[in-house]
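Chemist: Dropping in coords_22.txt, which is compact mmCIF, C-alpha atoms and all ligand atoms:
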# COMPACT_ATOMS: atom_id res chain seq x y z
CA MET A 1 -10.99 72.49 6.22
CA ASP A 2 -12.63 72.86 2.86
CA GLY A 3 -12.26 69.29 1.81
CA GLN A 4 -9.81 70.36 -0.88
CA GLY A 5 -6.94 68.29 0.31
CA GLN A 6 -5.26 67.36 -2.98
CA MET A 7 -2.17 69.34 -2.13
CA SER A 8 0.00 66.83 -3.95
CA SER A 9 -1.52 67.57 -7.37
CA SER A 10 0.83 69.07 -9.90
CA TYR A 11 0.64 69.65 -13.62
CA GLN A 12 4.30 70.42 -14.05
CA ARG A 13 6.26 69.81 -17.25
CA PHE A 14 9.82 68.49 -17.46
CA PRO A 15 11.61 70.31 -20.28
CA THR A 16 14.78 68.94 -21.84
CA VAL A 17 17.63 70.81 -23.52
CA LYS A 18 20.12 69.73 -26.14
CA ILE A 19 22.87 72.17 -27.08
CA ARG A 20 23.88 72.00 -30.73
CA GLU A 21 26.49 74.72 -30.83
CA MET A 22 27.96 76.90 -28.14
CA LYS A 23 30.37 79.80 -28.52
CA ASP A 24 30.84 82.79 -26.26
CA ASP A 25 28.52 85.02 -28.24
CA TYR A 26 26.40 82.45 -30.07
CA MET A 27 24.38 79.44 -29.07
CA LYS A 28 21.93 77.10 -30.75
CA PHE A 29 19.92 74.58 -28.76
CA GLU A 30 16.80 72.43 -28.78
CA LEU A 31 14.18 72.91 -26.11
CA LYS A 32 11.64 70.09 -25.82
CA ASN A 33 8.70 69.00 -23.68
CA THR A 34 7.46 72.46 -22.87
CA ASP A 35 4.96 75.00 -24.12
CA PRO A 36 5.36 77.89 -26.59
CA SER A 37 4.51 80.26 -23.74
CA ILE A 38 7.67 79.22 -21.87
CA ALA A 39 9.81 79.46 -25.00
CA ASN A 40 8.44 82.93 -25.68
CA ALA A 41 8.84 84.04 -22.07
CA LEU A 42 12.51 83.02 -22.16
CA ARG A 43 13.01 84.89 -25.43
CA ARG A 44 11.30 88.00 -24.09
CA VAL A 45 13.24 87.96 -20.83
CA MET A 46 16.60 87.54 -22.59
CA ILE A 47 15.88 90.55 -24.80
CA GLY A 48 14.20 92.85 -22.32
CA GLU A 49 14.87 91.85 -18.74
CA VAL A 50 18.29 90.28 -18.30
CA PRO A 51 20.36 93.11 -16.80
CA THR A 52 23.66 94.37 -18.14
CA ILE A 53 25.81 97.41 -17.48
CA ALA A 54 25.94 100.36 -19.86
CA ILE A 55 27.09 103.96 -19.76
CA ASP A 56 24.21 106.10 -18.54
CA LEU A 57 25.71 109.40 -17.38
CA VAL A 58 28.35 111.36 -19.25
CA GLU A 59 30.14 114.45 -18.04
CA ILE A 60 32.05 116.08 -20.85
CA GLU A 61 35.04 118.19 -19.83
CA SER A 62 36.23 119.04 -23.28
CA ASN A 63 34.97 118.13 -26.72
CA SER A 64 36.40 119.73 -29.83
CA SER A 65 35.51 116.75 -32.05
CA VAL A 66 33.08 116.97 -34.96
CA LEU A 67 30.32 115.22 -32.98
CA ASN A 68 28.26 117.15 -30.45
CA ASP A 69 28.10 116.18 -26.78
CA GLU A 70 24.74 114.40 -26.80
CA PHE A 71 25.64 112.47 -29.95
CA LEU A 72 28.77 111.21 -28.19
CA ALA A 73 26.86 110.40 -25.00
CA HIS A 74 24.43 108.30 -27.03
CA ARG A 75 27.25 106.43 -28.78
CA LEU A 76 28.97 105.75 -25.46
CA GLY A 77 25.75 104.31 -24.07
CA LEU A 78 25.54 101.77 -26.87
CA ILE A 79 29.01 100.27 -26.25
CA PRO A 80 28.66 96.77 -24.78
CA LEU A 81 30.44 96.41 -21.44
CA ILE A 82 31.40 93.06 -19.89
CA SER A 83 28.45 92.54 -17.55
CA GLU A 84 29.23 89.28 -15.76
CA ARG A 85 28.64 91.01 -12.45
CA ALA A 86 25.38 92.73 -13.39
CA MET A 87 23.20 90.11 -11.68
CA ASP A 88 24.89 90.84 -8.34
CA MET A 89 24.84 94.61 -8.71
CA ARG A 90 22.08 96.96 -7.57
CA PHE A 91 19.96 99.23 -9.67
CA SER A 92 20.94 102.83 -8.91
CA ARG A 93 17.34 103.69 -8.15
CA ASP A 94 17.25 101.25 -5.22
CA CYS A 95 20.80 101.70 -3.99
CA ASP A 96 20.82 102.79 -0.32
CA THR A 97 24.57 103.33 -0.19
CA CYS A 98 24.61 106.30 -2.53
CA ASP A 99 20.90 107.18 -2.54
CA GLY A 100 20.67 106.60 -6.26
CA ASP A 101 23.39 109.10 -7.12
CA ALA A 102 25.39 106.39 -8.92
CA GLN A 103 28.45 107.16 -6.84
CA CYS A 104 29.15 103.81 -5.25
CA HIS A 105 30.56 100.51 -6.49
CA TYR A 106 27.35 98.60 -5.64
CA CYS A 107 25.47 100.27 -8.46
CA SER A 108 27.95 101.97 -10.77
CA VAL A 109 31.33 101.92 -12.48
CA GLU A 110 33.23 105.02 -13.53
CA PHE A 111 35.04 105.37 -16.84
CA LYS A 112 37.44 108.06 -18.01
CA LEU A 113 38.34 108.95 -21.55
CA ASN A 114 41.12 111.33 -22.43
CA VAL A 115 42.35 111.46 -26.01
CA LYS A 116 44.04 114.18 -28.01
CA CYS A 117 45.20 114.06 -31.59
CA ASP A 118 48.67 115.53 -32.02
CA GLY A 119 49.73 113.97 -35.30
CA ASP A 120 48.78 114.60 -38.90
CA GLN A 121 47.04 111.26 -39.12
CA THR A 122 43.34 110.99 -38.21
CA LEU A 123 43.04 109.42 -34.78
CA ASP A 124 40.35 106.87 -33.99
CA VAL A 125 38.87 107.14 -30.50
CA THR A 126 37.56 103.67 -29.66
CA SER A 127 35.92 101.78 -26.81
CA LEU A 128 39.41 100.58 -25.87
CA ASP A 129 40.29 104.16 -24.86
CA LEU A 130 37.69 103.99 -22.09
CA VAL A 131 39.58 103.48 -18.85
CA SER A 132 37.57 101.64 -16.22
CA SER A 133 37.93 102.54 -12.56
CA ASP A 134 36.89 98.99 -11.71
CA MET A 135 39.83 97.28 -10.02
CA ARG A 136 38.03 94.12 -8.93
CA GLU A 137 38.15 90.65 -10.41
CA ASN A 138 36.16 90.35 -13.68
CA PRO A 139 36.15 94.13 -14.07
CA VAL A 140 33.45 95.92 -15.98
CA VAL A 141 35.28 97.00 -19.13
CA ALA A 142 34.41 97.53 -22.77
CA VAL A 143 34.05 94.34 -24.78
CA ASP A 144 37.36 93.54 -26.45
CA ARG A 145 36.71 91.75 -29.69
CA ALA A 146 40.40 91.13 -30.41
CA ALA A 147 40.59 88.89 -27.36
CA ASP A 148 37.96 86.40 -28.44
CA MET A 149 38.48 86.54 -32.19
CA ASN A 150 41.56 85.07 -33.78
CA VAL A 151 42.91 88.31 -35.10
CA PHE A 152 46.19 87.87 -36.96
CA ASP A 153 47.76 90.95 -35.56
CA ALA A 154 46.96 91.38 -31.88
CA SER A 155 48.11 95.00 -31.98
CA GLU A 156 45.40 95.71 -34.53
CA GLN A 157 42.82 97.94 -32.87
CA ARG A 158 39.51 96.14 -32.67
CA GLY A 159 37.63 98.52 -30.42
CA ILE A 160 34.37 100.18 -31.37
CA ILE A 161 34.97 103.57 -32.97
CA ILE A 162 33.40 106.40 -30.99
CA VAL A 163 34.67 109.36 -33.02
CA LYS A 164 37.61 110.34 -35.23
CA LEU A 165 39.85 113.26 -34.31
CA ARG A 166 42.00 115.44 -36.54
CA ARG A 167 45.08 117.38 -35.50
CA GLY A 168 44.43 119.57 -32.48
CA GLN A 169 41.07 118.07 -31.55
CA GLU A 170 40.58 116.43 -28.18
CA LEU A 171 37.99 114.58 -26.17
CA ARG A 172 38.00 114.48 -22.38
CA LEU A 173 35.11 113.03 -20.39
CA ARG A 174 33.92 111.06 -17.39
CA ALA A 175 31.21 108.45 -17.84
CA ILE A 176 29.22 106.47 -15.30
CA ALA A 177 27.93 103.04 -16.23
CA ARG A 178 24.92 101.61 -14.43
CA LYS A 179 22.95 98.43 -14.28
CA GLY A 180 19.77 98.40 -16.35
CA ILE A 181 17.45 96.29 -18.51
CA GLY A 182 16.46 96.34 -22.16
CA LYS A 183 12.89 97.26 -21.26
CA ASP A 184 14.23 100.59 -19.99
CA HIS A 185 16.56 101.26 -22.94
CA ALA A 186 17.79 98.90 -25.66
CA LYS A 187 21.42 99.75 -24.80
CA TRP A 188 21.03 97.48 -21.75
CA SER A 189 19.86 94.48 -23.75
CA PRO A 190 22.47 91.69 -23.88
CA ALA A 191 20.74 90.29 -26.98
CA ALA A 192 21.72 90.97 -30.56
CA THR A 193 19.01 88.50 -31.57
CA VAL A 194 17.14 85.77 -29.76
CA THR A 195 14.80 83.66 -31.87
CA PHE A 196 13.11 80.30 -31.68
CA MET A 197 11.39 78.24 -34.34
CA TYR A 198 8.92 75.41 -34.02
CA GLU A 199 10.43 72.12 -35.14
CA PRO A 200 8.62 71.08 -38.32
CA ASP A 201 7.18 67.58 -38.68
CA ILE A 202 7.24 66.70 -42.40
CA HIS A 203 5.49 63.66 -43.85
CA ILE A 204 5.65 62.80 -47.53
CA ASN A 205 2.77 60.75 -48.91
CA GLU A 206 4.99 58.11 -50.58
CA ASN A 207 2.22 56.51 -52.62
CA LEU A 208 1.10 59.80 -54.07
CA MET A 209 4.72 60.85 -54.64
CA GLU A 210 5.35 57.75 -56.76
CA THR A 211 2.62 58.88 -59.16
CA LEU A 212 4.89 61.80 -60.13
CA THR A 213 7.42 61.57 -62.96
CA LEU A 214 11.04 62.42 -62.24
CA ASP A 215 10.63 65.81 -63.91
CA GLU A 216 7.51 66.53 -61.88
CA LYS A 217 9.38 65.59 -58.69
CA ARG A 218 12.17 67.98 -59.63
CA GLU A 219 9.69 70.73 -60.41
CA TRP A 220 7.98 70.21 -57.06
CA ILE A 221 11.26 70.26 -55.13
CA GLU A 222 12.32 73.43 -56.94
CA SER A 223 9.13 75.17 -55.77
CA CYS A 224 10.47 75.22 -52.21
CA PRO A 225 12.39 78.50 -51.62
CA THR A 226 14.73 76.73 -49.18
CA LYS A 227 16.39 73.37 -49.71
CA VAL A 228 14.15 71.06 -47.68
CA PHE A 229 13.70 68.15 -50.11
CA ASP A 230 15.94 66.27 -52.48
CA ILE A 231 15.80 63.26 -54.81
CA HIS A 232 17.79 60.17 -54.00
CA PRO A 233 20.18 59.65 -56.94
CA ASP A 234 19.70 55.85 -56.99
CA THR A 235 16.10 55.23 -55.98
CA GLN A 236 14.78 58.57 -57.31
CA GLN A 237 12.72 58.83 -54.16
CA VAL A 238 11.96 62.25 -52.73
CA PHE A 239 13.25 62.64 -49.18
CA VAL A 240 13.67 65.37 -46.56
CA VAL A 241 17.25 66.68 -46.46
CA ASP A 242 16.79 69.49 -43.97
CA ALA A 243 13.43 69.81 -42.24
CA GLU A 244 14.55 72.90 -40.32
CA ALA A 245 15.27 74.79 -43.51
CA TYR A 246 11.49 74.96 -43.98
CA SER A 247 10.23 78.47 -43.30
CA TYR A 248 6.51 77.68 -43.08
CA ASP A 249 5.93 79.41 -46.42
CA ASP A 250 3.41 76.79 -47.69
CA GLU A 251 4.95 76.96 -51.18
CA VAL A 252 5.31 73.18 -51.59
CA ILE A 253 1.75 72.65 -50.40
CA LYS A 254 0.39 75.16 -52.92
CA LYS A 255 2.57 73.65 -55.62
CA ALA A 256 1.23 70.16 -54.87
CA GLU A 257 -2.32 71.46 -55.14
CA ALA A 258 -1.53 73.25 -58.39
CA MET A 259 -0.12 69.97 -59.74
CA GLY A 260 -3.36 68.26 -58.86
CA LYS A 261 -1.80 66.31 -55.99
CA PRO A 262 -3.24 67.74 -52.78
CA GLY A 263 -1.94 65.98 -49.67
CA LEU A 264 1.40 65.16 -51.30
CA VAL A 265 3.09 66.39 -48.19
CA SER A 266 1.84 67.33 -44.74
CA ILE A 267 3.85 69.74 -42.63
CA ASN A 268 3.01 70.51 -39.04
CA ALA A 269 4.76 72.65 -36.46
CA LYS A 270 5.38 70.62 -33.30
CA ASP A 271 4.16 72.77 -30.46
CA ASP A 272 6.39 71.26 -27.78
CA SER A 273 9.72 71.37 -29.55
CA PHE A 274 11.72 74.51 -30.30
CA ILE A 275 15.06 75.42 -31.81
CA PHE A 276 16.57 78.49 -30.18
CA THR A 277 19.27 80.77 -31.52
CA ILE A 278 20.89 83.26 -29.19
CA GLU A 279 23.30 85.93 -30.35
CA SER A 280 24.90 88.10 -27.71
CA THR A 281 26.25 91.65 -27.99
CA GLY A 282 29.25 90.44 -26.03
CA ALA A 283 28.06 91.90 -22.72
CA LEU A 284 27.20 88.38 -21.49
CA LYS A 285 28.00 84.92 -22.77
CA ALA A 286 25.10 83.45 -24.74
CA SER A 287 24.83 80.55 -22.27
CA GLN A 288 24.82 82.97 -19.34
CA MET A 289 21.98 84.92 -20.97
CA LEU A 290 19.79 81.82 -20.81
CA LEU A 291 20.77 80.97 -17.23
CA ASN A 292 20.11 84.55 -16.12
CA ALA A 293 16.80 84.58 -17.99
CA ILE A 294 15.67 81.51 -16.04
CA ASP A 295 16.64 83.19 -12.77
CA ILE A 296 14.91 86.44 -13.70
CA LEU A 297 11.75 84.59 -14.70
CA LYS A 298 11.80 82.75 -11.38
CA GLN A 299 12.20 86.06 -9.54
CA LYS A 300 9.28 87.50 -11.49
CA LEU A 301 7.07 84.55 -10.54
CA GLU A 302 8.08 85.08 -6.92
CA THR A 303 6.93 88.71 -7.04
CA VAL A 304 3.51 87.80 -8.44
CA ARG A 305 2.75 85.33 -5.64
CA LEU A 306 -0.22 86.32 -3.54
CA SER A 307 0.62 88.09 -0.33
CA PRO A 308 -0.62 86.53 2.93
CA GLU A 309 -2.90 89.55 3.48
CA THR A 310 -4.63 89.01 0.14
CA GLU A 311 -5.14 85.34 0.93
CA GLU A 312 -6.46 86.17 4.40
CA ASP A 313 -8.95 88.70 3.06
CA ASP A 314 -10.39 86.05 0.83
CA ALA A 315 -10.51 83.43 3.59
CA GLN A 316 -12.59 85.83 5.68
CA PHE A 317 -14.82 86.42 2.71
CA ILE A 318 -15.47 82.70 2.34
CA ASP A 319 -16.30 82.39 6.05
CA LEU A 320 -18.74 85.29 5.76
CA GLU A 321 -20.34 83.83 2.67
CA GLN A 322 -20.85 80.48 4.35
CA HIS A 323 -22.24 82.14 7.43
CA MET A 324 -24.78 84.05 5.31
CA ARG A 325 -25.89 80.87 3.64
CA GLY A 326 -26.17 79.30 7.07
CA GLY A 327 -24.11 76.35 6.04
CA GLY A 328 -20.91 74.93 7.37
CA GLY A 329 -18.46 73.84 4.73
CA ARG A 330 -19.15 72.75 1.20
CA MET B 1 9.41 117.65 -21.15
CA ASN B 2 6.34 116.06 -19.60
CA ALA B 3 7.30 112.55 -20.70
CA PRO B 4 6.73 109.94 -18.00
CA ASP B 5 9.82 108.30 -16.50
CA ARG B 6 10.86 105.19 -18.35
CA TYR B 7 11.02 103.13 -15.19
CA GLU B 8 7.26 103.56 -14.76
CA LYS B 9 6.78 100.51 -16.92
CA PHE B 10 8.46 98.13 -14.50
CA VAL B 11 8.64 99.72 -11.03
CA VAL B 12 5.51 99.26 -8.90
CA PRO B 13 4.58 102.69 -7.48
CA GLU B 14 4.71 103.05 -3.70
CA GLY B 15 1.45 102.23 -2.00
CA THR B 16 0.27 100.01 -4.86
CA LYS B 17 -0.17 96.27 -4.44
CA LYS B 18 1.70 94.05 -6.91
CA VAL B 19 -1.20 91.61 -7.10
CA SER B 20 -4.76 92.41 -6.13
CA TYR B 21 -7.66 90.04 -6.24
CA GLU B 22 -11.33 90.55 -6.89
CA ARG B 23 -13.88 87.81 -6.53
CA ASP B 24 -16.73 87.61 -9.01
CA MET B 25 -19.97 88.27 -7.14
CA LYS B 26 -22.21 86.59 -9.71
CA ILE B 27 -20.28 83.46 -10.65
CA MET B 28 -19.10 80.84 -8.19
CA ASN B 29 -15.35 80.24 -8.05
CA ALA B 30 -14.48 83.02 -10.44
CA ALA B 31 -12.12 85.91 -9.82
CA THR B 32 -9.92 88.51 -11.48
CA PHE B 33 -6.33 89.07 -10.48
CA VAL B 34 -4.80 92.45 -11.30
CA ILE B 35 -1.04 92.13 -11.64
CA GLU B 36 0.80 95.45 -11.67
CA ARG B 37 3.84 96.10 -13.90
CA GLU B 38 3.70 92.77 -15.71
CA ASP B 39 2.99 91.93 -19.34
CA HIS B 40 2.65 89.01 -21.76
CA THR B 41 5.74 87.33 -20.31
CA ILE B 42 4.00 86.47 -17.03
CA GLY B 43 0.41 86.65 -18.31
CA ASN B 44 0.85 84.03 -21.00
CA ILE B 45 2.87 81.47 -19.02
CA VAL B 46 0.46 81.60 -16.07
CA ARG B 47 -2.56 81.31 -18.37
CA MET B 48 -1.13 78.31 -20.24
CA GLN B 49 -0.16 76.60 -16.99
CA LEU B 50 -3.69 77.14 -15.65
CA HIS B 51 -5.06 75.42 -18.77
CA ARG B 52 -3.25 72.24 -17.70
CA ASP B 53 -5.27 72.12 -14.49
CA PRO B 54 -8.49 70.12 -15.07
CA ASN B 55 -10.23 72.05 -12.27
CA VAL B 56 -9.79 75.28 -14.19
CA LEU B 57 -12.87 75.98 -16.31
CA PHE B 58 -11.60 79.28 -17.64
CA ALA B 59 -8.29 81.12 -17.57
CA GLY B 60 -7.48 84.14 -19.66
CA TYR B 61 -5.41 87.28 -19.41
CA LYS B 62 -5.39 90.66 -21.07
CA LEU B 63 -3.13 93.65 -21.26
CA PRO B 64 -5.85 96.33 -21.23
CA HIS B 65 -3.75 99.06 -22.82
CA PRO B 66 -0.08 99.37 -23.85
CA LEU B 67 0.31 102.43 -21.63
CA GLN B 68 -1.31 100.83 -18.58
CA TYR B 69 1.45 98.67 -17.23
CA LYS B 70 -0.67 95.91 -15.77
CA ILE B 71 -2.43 92.70 -16.74
CA LEU B 72 -5.79 91.26 -15.74
CA LEU B 73 -5.96 87.51 -15.21
CA ARG B 74 -9.37 85.91 -14.91
CA ILE B 75 -9.86 82.41 -13.52
CA GLN B 76 -12.93 80.25 -13.01
CA THR B 77 -12.63 76.82 -11.42
CA THR B 78 -14.82 73.90 -10.46
CA SER B 79 -15.96 73.60 -6.86
CA GLN B 80 -13.08 71.17 -6.33
CA SER B 81 -10.69 74.13 -6.44
CA SER B 82 -10.72 77.92 -6.21
CA PRO B 83 -9.17 80.68 -8.32
CA MET B 84 -6.59 81.33 -5.62
CA GLN B 85 -5.71 77.68 -5.23
CA ALA B 86 -5.37 77.27 -9.00
CA TYR B 87 -3.26 80.44 -9.25
CA ASN B 88 -0.91 79.30 -6.50
CA LEU B 89 -0.60 75.85 -8.03
CA ALA B 90 0.18 77.30 -11.48
CA ILE B 91 2.96 79.46 -10.04
CA ASP B 92 4.40 76.54 -8.05
CA ASP B 93 4.41 74.34 -11.14
CA LEU B 94 6.04 77.00 -13.31
CA ASP B 95 8.68 77.54 -10.66
CA LYS B 96 9.43 73.82 -10.55
CA GLU B 97 9.51 73.64 -14.32
CA LEU B 98 12.12 76.42 -14.44
CA ASP B 99 14.19 74.63 -11.78
CA HIS B 100 14.08 71.54 -13.91
CA LEU B 101 14.99 73.52 -17.05
CA LYS B 102 17.96 75.09 -15.30
CA ARG B 103 19.22 71.71 -14.13
CA SER B 104 18.89 70.12 -17.55
CA PHE B 105 20.67 73.05 -19.19
CA GLU B 106 23.53 72.91 -16.69
CA ASP B 107 23.84 69.13 -17.15
CA GLU B 108 23.94 69.65 -20.89
CA MET B 109 26.73 72.24 -20.53
CA VAL B 110 28.75 69.79 -18.43
CA ARG B 111 28.18 67.04 -21.00
CA LEU B 112 29.27 69.33 -23.82
CA GLN B 113 32.41 70.45 -21.99
CA SER B 114 33.51 66.91 -21.16
CA GLU B 115 32.83 65.93 -24.77
CA ASN B 116 35.03 68.78 -25.98
CA ARG B 117 37.80 67.75 -23.62
CA GLU B 118 37.73 64.20 -24.96
CA GLY B 119 37.81 65.53 -28.50
CA LEU B 120 41.14 67.28 -27.96
ZN ZN A 401 24.94 103.18 -5.31
Taking this structure as input, can you express it in the form of C-alpha cells?

Modeler:
Amino acid sequence: MDGQGQMSSSYQRFPTVKIREMKDDYMKFELKNTDPSIANALRRVMIGEVPTIAIDLVEIESNSSVLNDEFLAHRLGLIPLISERAMDMRFSRDCDTCDGDAQCHYCSVEFKLNVKCDGDQTLDVTSLDLVSSDMRENPVVAVDRAADMNVFDASEQRGIIIVKLRRGQELRLRAIARKGIGKDHAKWSPAATVTFMYEPDIHINENLMETLTLDEKREWIESCPTKVFDIHPDTQQVFVVDAEAYSYDDEVIKKAEAMGKPGLVSINAKDDSFIFTIESTGALKASQMLLNAIDILKQKLETVRLSPETEEDDAQFIDLEQHMRGGGGR
Amino acid sequence: MNAPDRYEKFVVPEGTKKVSYERDMKIMNAATFVIEREDHTIGNIVRMQLHRDPNVLFAGYKLPHPLQYKILLRIQTTSQSSPMQAYNLAIDDLDKELDHLKRSFEDEMVRLQSENREGL
C-alpha cells in the first residue's frame, strides 16, 4: 500500500558458541559473530532476571539461639535452593490459585526447620536441616555441596551454617520459598559471577622488535603485569603465549613508548568476539543459566512488541496526514 | 515505611501501556517510543540492531532517571521505511538471532557430551 514492500529484508546476525569448559556450577565459552550489546544483555539477564527460588517468608515458632529472628530470616533467604523448576513456576504476585498468599504449589514451597541442642557439644544448624515439603520429582531443596563435590567422607556435613546452638537452645520455624528474580532481591540471583571479556587481537611489529637487544626484550616482557608474551628459547623471538591474559592495562604500550619504540605492539579488542565466564550459586546449572537467559530475553522482546492498537492509531494518522496534503500515497 | 514496593521496577502498573509511541510533528519519519519497565538490557540491544538497518538515520535510547523505570527510544528513518517498521524489524531480527544462539549453544552441548563419552 505504501510501496514499502521489502518485507524480506533482515539484518540478523548468526552468533556461534564454543564451550571451553563446562561443570555444573562453572562454564567458560566463546561467543562470536555478535555485538557487545547482546553479550551484555545476556550477562545482565543472567544476573538480574533469570528466576530462582529462595526463602521469602519466615514464621518463627521458637528461637532461643544467639541470633535474632530477622537476622535468621535474612540468612535463610540467602541459601541457594535447587531451582530447576523455577522457569515453570508462577510468581506469587500473579498466582490465581492462592491469590498471591504463597500457599499453593504453583508459586511456593514450604520448608520446616526443627533443631534442638541437647548435648554439651555446640550444634551446627545448617541448610541440610531444612526439610522441604516438596514431594515431586526434582524437588526444591537446599543445595547439597557434598553431592557434587568429591568429599572424602560423605557423612561430613557440607550444608551452609545458619546458626550454632549451645545446650538447651532450640530453633523451630516454618519458611516459605517463592520464585523471584535478582532485580527484586539479590538472593534470587542464580549468578555468583557472570563476566565477559573482549578477545584481544595482538600484533607484534617483528621488524621493530628485532631492533631490541635480548635484555631489552626481557625488560619489555617484564613490564606486562600478566604473562602475555615470552621469548622463544632458540630463536629469541618475542611471541604471544596467552593473549587472553592481557587485561587491557596498556602497560606494554607505554613501556614501548618509554623505550623509544612506539608501535612495537598493537593491541585491539575485537568487538564481535567474547569470552564468557559463568559461575553459579548452585541454584541452577551454569549451562541452564545461559539457556534460561536466552528464553527470558526472548520473552522480554515479545513484551515490547507494538500492540495492534498502537499500530492502528499510527496507520490512521498516516491516512489523515496524506488526506490533509491532498495526496494519495508517497 | 513509605518505601515503594520493590516490584515497581519491573511490573507494569495496571492501566499503563507497555509501549507507547509518539510521532515527531516536525521531522518526517521520526518518532519516540516509550517502553515502560525496561532498562539498558532492551534499550541497548534494540538500538544496536536498529543501527544495522541502512534505512535508519538515527536510533538512540535513554534511561531518563534511575528511579523512573522506563526508557525512551528515538528513531528516524528514510522515506523508504518508518520508525515503526524499523522497530518491528529490529525486534524480529533480535528474536531470530536469539533462536540461532540457542540452537548453536545446544548443538555445542551435544558435541561436548559426545566428545566426553568417547573420551571415557
Ligand atoms: Zn500460589

Chemist: Please give me, as a PDB file with C-alpha atoms, keeping the file's coordinate frame, the residues lying within 8 Å of ligand ZN 401 (chain A) when counting only C-alpha atoms and all ligand atoms.

Modeler:
ATOM      1  CA  ARG A  90      22.080  96.960  -7.570  1.00  0.00           C
ATOM      2  CA  PHE A  91      19.960  99.230  -9.670  1.00  0.00           C
ATOM      3  CA  SER A  92      20.940 102.830  -8.910  1.00  0.00           C
ATOM      4  CA  ASP A  94      17.250 101.250  -5.220  1.00  0.00           C
ATOM      5  CA  CYS A  95      20.800 101.700  -3.990  1.00  0.00           C
ATOM      6  CA  ASP A  96      20.820 102.790  -0.320  1.00  0.00           C
ATOM      7  CA  THR A  97      24.570 103.330  -0.190  1.00  0.00           C
ATOM      8  CA  CYS A  98      24.610 106.300  -2.530  1.00  0.00           C
ATOM      9  CA  ASP A  99      20.900 107.180  -2.540  1.00  0.00           C
ATOM     10  CA  GLY A 100      20.670 106.600  -6.260  1.00  0.00           C
ATOM     11  CA  ASP A 101      23.390 109.100  -7.120  1.00  0.00           C
ATOM     12  CA  ALA A 102      25.390 106.390  -8.920  1.00  0.00           C
ATOM     13  CA  GLN A 103      28.450 107.160  -6.840  1.00  0.00           C
ATOM     14  CA  CYS A 104      29.150 103.810  -5.250  1.00  0.00           C
ATOM     15  CA  HIS A 105      30.560 100.510  -6.490  1.00  0.00           C
ATOM     16  CA  TYR A 106      27.350  98.600  -5.640  1.00  0.00           C
ATOM     17  CA  CYS A 107      25.470 100.270  -8.460  1.00  0.00           C
ATOM     18  CA  SER A 108      27.950 101.970 -10.770  1.00  0.00           C
TER      19      SER A 108
END

Chemist: Counting only C-alpha atoms, what is within 10 Å of Ile296 in chain A, bar same-chain residues fewer than 2 positions away, as a list in words?

Modeler: Leu42, Val45, Met46, Glu49, Val50, Pro51, Met87, Leu290, Leu291, Asn292, Ala293, Ile294, Lys298, Gln299, Lys300, Leu301 and Glu302 of chain A

Chemist: Separation of CA of Phe196 in chain A and CA of Lys270 in chain A, in Å?

Modeler: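 Pair CA of Phe196 in chain A / CA of Lys270 in chain A returns 12.5 Å.
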
Chemist: The residues within 10 Å of (22.9, 67.8, -22.8), using all atoms listed in the file and the coordinates of the file, should be reported as an MDAnalysis selection string; which are they?

Modeler: (chainID A and resid 16:20 29:30) or (chainID B and resid 104:113)

Chemist: Would you write out those residues with C-alpha atoms, as a compact mmCIF listing (two decimals), keeping the file's coordinate frame?

Modeler:
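Generated output (part-v3.txt):
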# COMPACT_ATOMS: atom_id res chain seq x y z
CA THR A 16 14.78 68.94 -21.84
CA VAL A 17 17.63 70.81 -23.52
CA LYS A 18 20.12 69.73 -26.14
CA ILE A 19 22.87 72.17 -27.08
CA ARG A 20 23.88 72.00 -30.73
CA PHE A 29 19.92 74.58 -28.76
CA GLU A 30 16.80 72.43 -28.78
CA SER B 104 18.89 70.12 -17.55
CA PHE B 105 20.67 73.05 -19.19
CA GLU B 106 23.53 72.91 -16.69
CA ASP B 107 23.84 69.13 -17.15
CA GLU B 108 23.94 69.65 -20.89
CA MET B 109 26.73 72.24 -20.53
CA VAL B 110 28.75 69.79 -18.43
CA ARG B 111 28.18 67.04 -21.00
CA LEU B 112 29.27 69.33 -23.82
CA GLN B 113 32.41 70.45 -21.99

Chemist: Show me, as a list in words, the residues of chain B whose atoms get within 6 Å of chain A, using all atoms listed in the file for the distance check.

Modeler: Arg6, Thr41, Asn44, Ile45, Asp93, Glu97, Leu101 and Phe105 of chain B

Chemist: Step by step: start from the point (-7.1, 69.9, -16.1) in the file's coordinates, keep every protein, DNA or RNA residue that has an atom no farther than 12 Å from it, count all atoms listed in the file, and write the set as a ChimeraX atom specification.

Modeler: /A:9-12 /B:48-59,77-78,80-81,86,89-90

Chemist: What does the file look like for those residues with C-alpha atoms, as a compact mmCIF listing (two decimals), keeping the file's coordinate frame?

Modeler:
# COMPACT_ATOMS: atom_id res chain seq x y z
CA SER A 9 -1.52 67.57 -7.37
CA SER A 10 0.83 69.07 -9.90
CA TYR A 11 0.64 69.65 -13.62
CA GLN A 12 4.30 70.42 -14.05
CA MET B 48 -1.13 78.31 -20.24
CA GLN B 49 -0.16 76.60 -16.99
CA LEU B 50 -3.69 77.14 -15.65
CA HIS B 51 -5.06 75.42 -18.77
CA ARG B 52 -3.25 72.24 -17.70
CA ASP B 53 -5.27 72.12 -14.49
CA PRO B 54 -8.49 70.12 -15.07
CA ASN B 55 -10.23 72.05 -12.27
CA VAL B 56 -9.79 75.28 -14.19
CA LEU B 57 -12.87 75.98 -16.31
CA PHE B 58 -11.60 79.28 -17.64
CA ALA B 59 -8.29 81.12 -17.57
CA THR B 77 -12.63 76.82 -11.42
CA THR B 78 -14.82 73.90 -10.46
CA GLN B 80 -13.08 71.17 -6.33
CA SER B 81 -10.69 74.13 -6.44
CA ALA B 86 -5.37 77.27 -9.00
CA LEU B 89 -0.60 75.85 -8.03
CA ALA B 90 0.18 77.30 -11.48

Chemist: Which residues are close to range 234-237 of chain A, i.e. within 12 Å by all atoms listed in the file, leaving aside same-chain residues fewer than 6 positions away? Reply as an NGL selection string.

Modeler: :A and (204-218 or 221)

Chemist: Report, in Å with one decimal, the straight-line distance from CA of Lys17 in chain B to CA of Ser189 in chain A.

Modeler: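 If I compute the distance from CA of Lys17 in chain B to CA of Ser189 in chain A, I get 27.9 Å.
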
Chemist: Please measure the separation of CA of Gln68 in chain B and CA of Ala191 in chain A, giving the value in Å to one decimal.

Modeler: 25.8 Å

Chemist: May I have the residues within 12 Å of range 161-166 of chain A as a ChimeraX atom specification, using only C-alpha atoms and disregarding those fewer than 2 positions away in the same chain?

Modeler: /A:63-69,71-79,113,115-130,142,157-159,168-171
